[in-house]
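Trainee: What follows is run.pdb, made up of PDB, C-alpha atoms, pLDDT in the B column:
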```pdb
ATOM      1  CA  MET A  33      35.996 -45.678 -61.116  1.00 40.00           C
ATOM      2  CA  SER A  34      39.602 -46.793 -61.301  1.00 39.00           C
ATOM      3  CA  GLU A  35      41.394 -48.776 -58.616  1.00 43.00           C
ATOM      4  CA  ASN A  36      43.622 -45.784 -57.825  1.00 42.00           C
ATOM      5  CA  THR A  37      40.587 -43.701 -56.931  1.00 44.00           C
ATOM      6  CA  HIS A  38      39.647 -46.202 -54.212  1.00 50.00           C
ATOM      7  CA  ASP A  39      43.106 -45.864 -52.649  1.00 54.00           C
ATOM      8  CA  LYS A  40      42.382 -42.184 -51.997  1.00 65.00           C
ATOM      9  CA  LEU A  41      38.996 -42.570 -50.327  1.00 68.00           C
ATOM     10  CA  PRO A  42      38.802 -40.105 -47.423  1.00 72.00           C
ATOM     11  CA  ILE A  43      37.620 -42.821 -45.059  1.00 78.00           C
ATOM     12  CA  ARG A  44      39.187 -45.300 -42.650  1.00 81.00           C
ATOM     13  CA  MET A  45      37.177 -48.353 -41.723  1.00 81.00           C
ATOM     14  CA  LEU A  46      37.055 -49.424 -38.088  1.00 87.00           C
ATOM     15  CA  HIS A  47      37.073 -52.841 -36.414  1.00 92.00           C
ATOM     16  CA  ASP A  48      35.560 -55.606 -38.582  1.00 90.00           C
ATOM     17  CA  ARG A  49      33.837 -53.351 -41.124  1.00 92.00           C
ATOM     18  CA  VAL A  50      34.141 -53.843 -44.878  1.00 92.00           C
ATOM     19  CA  LEU A  51      33.244 -51.209 -47.485  1.00 92.00           C
ATOM     20  CA  VAL A  52      32.277 -52.552 -50.912  1.00 92.00           C
ATOM     21  CA  ARG A  53      31.178 -51.192 -54.274  1.00 90.00           C
ATOM     22  CA  THR A  54      28.441 -53.237 -55.916  1.00 85.00           C
ATOM     23  CA  ASP A  55      29.092 -54.709 -59.345  1.00 70.00           C
ATOM     24  CA  SER A  56      25.945 -53.353 -60.943  1.00 62.00           C
ATOM     25  CA  PRO A  57      23.125 -51.083 -59.925  1.00 57.00           C
ATOM     26  CA  GLU A  58      19.929 -52.730 -58.816  1.00 57.00           C
ATOM     27  CA  GLY A  59      17.345 -52.996 -61.507  1.00 55.00           C
ATOM     28  CA  GLU A  60      17.480 -54.693 -64.850  1.00 56.00           C
ATOM     29  CA  ARG A  61      19.978 -57.498 -65.326  1.00 62.00           C
ATOM     30  CA  ARG A  62      20.835 -60.083 -67.956  1.00 64.00           C
ATOM     31  CA  SER A  63      20.649 -63.850 -67.661  1.00 62.00           C
ATOM     32  CA  GLY A  64      23.574 -66.065 -68.659  1.00 68.00           C
ATOM     33  CA  GLY A  65      21.911 -66.457 -72.071  1.00 75.00           C
ATOM     34  CA  GLY A  66      21.624 -62.688 -72.563  1.00 72.00           C
ATOM     35  CA  ILE A  67      17.911 -62.329 -71.781  1.00 73.00           C
ATOM     36  CA  LEU A  68      17.034 -58.983 -70.168  1.00 71.00           C
ATOM     37  CA  ILE A  69      15.317 -59.508 -66.787  1.00 65.00           C
ATOM     38  CA  PRO A  70      13.346 -56.451 -65.578  1.00 66.00           C
ATOM     39  CA  ALA A  71      13.767 -55.115 -62.043  1.00 60.00           C
ATOM     40  CA  THR A  72      10.140 -55.946 -61.292  1.00 61.00           C
ATOM     41  CA  ALA A  73      10.604 -59.702 -61.922  1.00 59.00           C
ATOM     42  CA  ALA A  74      10.014 -61.774 -58.802  1.00 56.00           C
ATOM     43  CA  VAL A  75      13.148 -63.633 -57.799  1.00 60.00           C
ATOM     44  CA  GLY A  76      13.885 -65.737 -54.738  1.00 62.00           C
ATOM     45  CA  LYS A  77      16.507 -64.596 -52.295  1.00 72.00           C
ATOM     46  CA  ARG A  78      19.490 -63.638 -54.432  1.00 77.00           C
ATOM     47  CA  LEU A  79      23.005 -62.864 -53.246  1.00 85.00           C
ATOM     48  CA  ALA A  80      25.131 -60.212 -54.959  1.00 86.00           C
ATOM     49  CA  TRP A  81      28.827 -59.709 -55.783  1.00 89.00           C
ATOM     50  CA  ALA A  82      30.785 -56.580 -54.898  1.00 92.00           C
ATOM     51  CA  GLU A  83      34.370 -55.326 -54.870  1.00 93.00           C
ATOM     52  CA  VAL A  84      36.075 -54.563 -51.542  1.00 93.00           C
ATOM     53  CA  VAL A  85      37.378 -50.980 -51.457  1.00 92.00           C
ATOM     54  CA  ALA A  86      38.266 -50.584 -47.749  1.00 92.00           C
ATOM     55  CA  VAL A  87      38.632 -52.827 -44.685  1.00 92.00           C
ATOM     56  CA  GLY A  88      38.938 -52.267 -40.949  1.00 92.00           C
ATOM     57  CA  GLN A  89      42.014 -53.264 -38.941  1.00 92.00           C
ATOM     58  CA  ASN A  90      40.327 -56.401 -37.516  1.00 92.00           C
ATOM     59  CA  VAL A  91      39.285 -57.850 -40.892  1.00 91.00           C
ATOM     60  CA  ARG A  92      41.206 -61.090 -41.475  1.00 90.00           C
ATOM     61  CA  THR A  93      39.809 -62.865 -44.538  1.00 90.00           C
ATOM     62  CA  VAL A  94      39.368 -60.196 -47.217  1.00 92.00           C
ATOM     63  CA  GLU A  95      41.627 -57.599 -48.781  1.00 91.00           C
ATOM     64  CA  ILE A  96      41.057 -54.526 -50.900  1.00 91.00           C
ATOM     65  CA  GLY A  97      40.314 -55.605 -54.462  1.00 91.00           C
ATOM     66  CA  ASP A  98      38.697 -58.945 -53.530  1.00 91.00           C
ATOM     67  CA  ARG A  99      35.220 -59.786 -54.797  1.00 92.00           C
ATOM     68  CA  VAL A 100      32.777 -60.802 -52.087  1.00 92.00           C
ATOM     69  CA  LEU A 101      29.343 -62.395 -52.049  1.00 91.00           C
ATOM     70  CA  TYR A 102      26.790 -60.797 -49.707  1.00 91.00           C
ATOM     71  CA  ASP A 103      23.059 -60.540 -49.068  1.00 89.00           C
ATOM     72  CA  PRO A 104      21.832 -57.218 -50.516  1.00 85.00           C
ATOM     73  CA  GLU A 105      18.905 -57.183 -48.080  1.00 82.00           C
ATOM     74  CA  ASP A 106      21.285 -56.915 -45.088  1.00 79.00           C
ATOM     75  CA  ARG A 107      23.186 -53.783 -45.971  1.00 78.00           C
ATOM     76  CA  ALA A 108      23.808 -50.182 -45.032  1.00 87.00           C
ATOM     77  CA  GLU A 109      24.523 -47.782 -47.877  1.00 88.00           C
ATOM     78  CA  VAL A 110      26.806 -44.761 -47.701  1.00 87.00           C
ATOM     79  CA  GLU A 111      27.773 -42.212 -50.327  1.00 85.00           C
ATOM     80  CA  VAL A 112      31.359 -40.948 -50.552  1.00 84.00           C
ATOM     81  CA  ARG A 113      32.244 -38.334 -53.177  1.00 84.00           C
ATOM     82  CA  GLY A 114      29.056 -39.061 -55.087  1.00 83.00           C
ATOM     83  CA  VAL A 115      29.655 -42.836 -55.295  1.00 85.00           C
ATOM     84  CA  ALA A 116      27.364 -45.270 -53.458  1.00 88.00           C
ATOM     85  CA  TYR A 117      29.023 -47.963 -51.335  1.00 91.00           C
ATOM     86  CA  VAL A 118      27.726 -50.700 -49.049  1.00 92.00           C
ATOM     87  CA  LEU A 119      29.010 -51.016 -45.483  1.00 93.00           C
ATOM     88  CA  MET A 120      28.893 -54.357 -43.672  1.00 92.00           C
ATOM     89  CA  ARG A 121      30.612 -56.504 -41.082  1.00 93.00           C
ATOM     90  CA  GLU A 122      33.081 -59.156 -42.198  1.00 93.00           C
ATOM     91  CA  ARG A 123      30.887 -61.901 -40.706  1.00 92.00           C
ATOM     92  CA  ASP A 124      28.035 -60.887 -43.069  1.00 92.00           C
ATOM     93  CA  LEU A 125      30.056 -61.940 -46.133  1.00 93.00           C
ATOM     94  CA  HIS A 126      29.248 -65.345 -47.609  1.00 90.00           C
ATOM     95  CA  ALA A 127      32.258 -65.925 -49.920  1.00 90.00           C
ATOM     96  CA  VAL A 128      35.466 -64.335 -51.174  1.00 90.00           C
ATOM     97  CA  ALA A 129      36.872 -64.611 -54.699  1.00 85.00           C
ATOM     98  CA  ALA A 130      40.448 -63.440 -55.250  1.00 80.00           C
ATOM     99  CA  ASP A 131      43.384 -64.126 -57.559  1.00 77.00           C
ATOM    100  CA  ARG A 132      45.548 -65.047 -54.558  1.00 75.00           C
ATOM    101  CA  PHE A 133      43.508 -68.258 -54.121  1.00 70.00           C
ATOM    102  CA  GLN A 134      44.560 -69.641 -57.527  1.00 68.00           C
ATOM    103  CA  GLY A 135      46.923 -72.581 -57.337  1.00 59.00           C
ATOM    104  CA  THR A 136      45.695 -73.677 -53.911  1.00 55.00           C
ATOM    105  CA  THR A 137      44.085 -77.045 -53.291  1.00 56.00           C
ATOM    106  CA  ASP A 138      40.676 -75.387 -53.656  1.00 53.00           C
ATOM    107  CA  SER A 139      40.927 -74.139 -57.231  1.00 50.00           C
ATOM    108  CA  THR A 140      37.450 -72.601 -57.343  1.00 50.00           C
ATOM    109  CA  GLY A 141      38.819 -69.243 -56.199  1.00 49.00           C
ATOM    110  CA  LEU A 142      36.146 -68.994 -53.530  1.00 52.00           C
ATOM    111  CA  TYR A 143      36.880 -68.973 -49.855  1.00 50.00           C
ATOM    112  CA  LEU A 144      33.835 -70.672 -48.345  1.00 50.00           C
TER     113      LEU A 144
END
```
Show me this structure written as structure tokens.

Mentor:
Amino acid sequence: MSENTHDKLPIRMLHDRVLVRTDSPEGERRSGGGILIPATAAVGKRLAWAEVVAVGQNVRTVEIGDRVLYDPEDRAEVEVRGVAYVLMRERDLHAVAADRFQGTTDSTGLYL
């Protein structure tokens, strides 16, 4: 889905809510070395990355287009126009990665 499609979502977030689109569907994934890891593999608690597609008027630390780190076990899913999104509160986000953080004293690009 292109970035322009997100701009036309027929939804307005309220208060401190953030709507994100996950980077990849749950299930199989690849390790850094390219090894395929099946969905049934036991893994400790693992956080996930997602792209912010909408924010409420009281959200202060993230913007549309940012990548955020969140706990996939603490989420509420919603489907809009056939696309699955995750709805959460801003306080449930663990980190923010955005281009606007480049060149700051913290050059990691993560707002922790």

Trainee: Taking the file as shown, find all residues satisfying the PyMOL selection byres ((chain A and resi 83) around 10) and write them as a ChimeraX atom specification.

Mentor: /A:51-55,81-82,84-86,95-101,117-118,128-129

Trainee: Nearest residue to A:Val50 out of A:Asp131, A:Val91, A:Arg113, A:Asp103, using only C-alpha atoms?

Mentor: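 Closest to A:Val50 of all the choices is A:Val91.
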
Trainee: Give, as AutoDock Vina command-line options, the centre coordinates and the x, y and z edge lengths in Å to one decimal for an axis-aligned box around all listed atoms of stretch 85-97 of chain A, padded by 3 Å on each side.

Mentor:
```
--center_x 39.7 --center_y -56.7 --center_z -46.0 --size_x 10.6 --size_y 18.3 --size_z 22.9
```

Trainee: Give me, please, the distance in Å between atom CA of A:Arg49 and atom CA of A:Leu125, quoted to one decimal.

Mentor: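 Interatomic distance here is 10.6 Å.
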
Trainee: Report the residues retrieved by the PyMOL selection byres ((chain A and resi 89) around 7) from the displayed file, expressed as a list in words.

Mentor: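 In the shown coordinates, the PyMOL selection byres ((chain A and resi 89) around 7) covers Leu46, His47, Asp48, Val87, Gly88, Asn90 and Val91 of chain A.
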
Trainee: Take the residues from that selection and write them out as an mmCIF file, keeping the file's coordinate frame, keeping C-alpha atoms.

Mentor:
```cif
data_model
loop_
_atom_site.group_PDB
_atom_site.id
_atom_site.type_symbol
_atom_site.label_atom_id
_atom_site.label_comp_id
_atom_site.auth_asym_id
_atom_site.auth_seq_id
_atom_site.Cartn_x
_atom_site.Cartn_y
_atom_site.Cartn_z
ATOM 1 C CA LEU A 46 37.055 -49.424 -38.088
ATOM 2 C CA HIS A 47 37.073 -52.841 -36.414
ATOM 3 C CA ASP A 48 35.560 -55.606 -38.582
ATOM 4 C CA VAL A 87 38.632 -52.827 -44.685
ATOM 5 C CA GLY A 88 38.938 -52.267 -40.949
ATOM 6 C CA ASN A 90 40.327 -56.401 -37.516
ATOM 7 C CA VAL A 91 39.285 -57.850 -40.892
#
```

Trainee: Figure out the distance between atom CA of A:Asp124 and atom CA of A:Ala108, please, to one decimal in Å.

Mentor: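 One can read the atom CA of A:Ala108 to atom CA of A:Asp124 distance as 11.7 Å.
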
Trainee: Tell me, in Å to one decimal, how far atom CA of A:Arg132 is from atom CA of A:Ile43.

Mentor: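 So the answer is 25.4 Å.
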
Trainee: Please determine the residues with any atom at most 7 Å from (20.2, -61.0, -51.7) (coordinates as given in the file, with all atoms listed in the file counting) and report them as a PyMOL selection string.

Mentor: chain A and resi 77-80+102-105
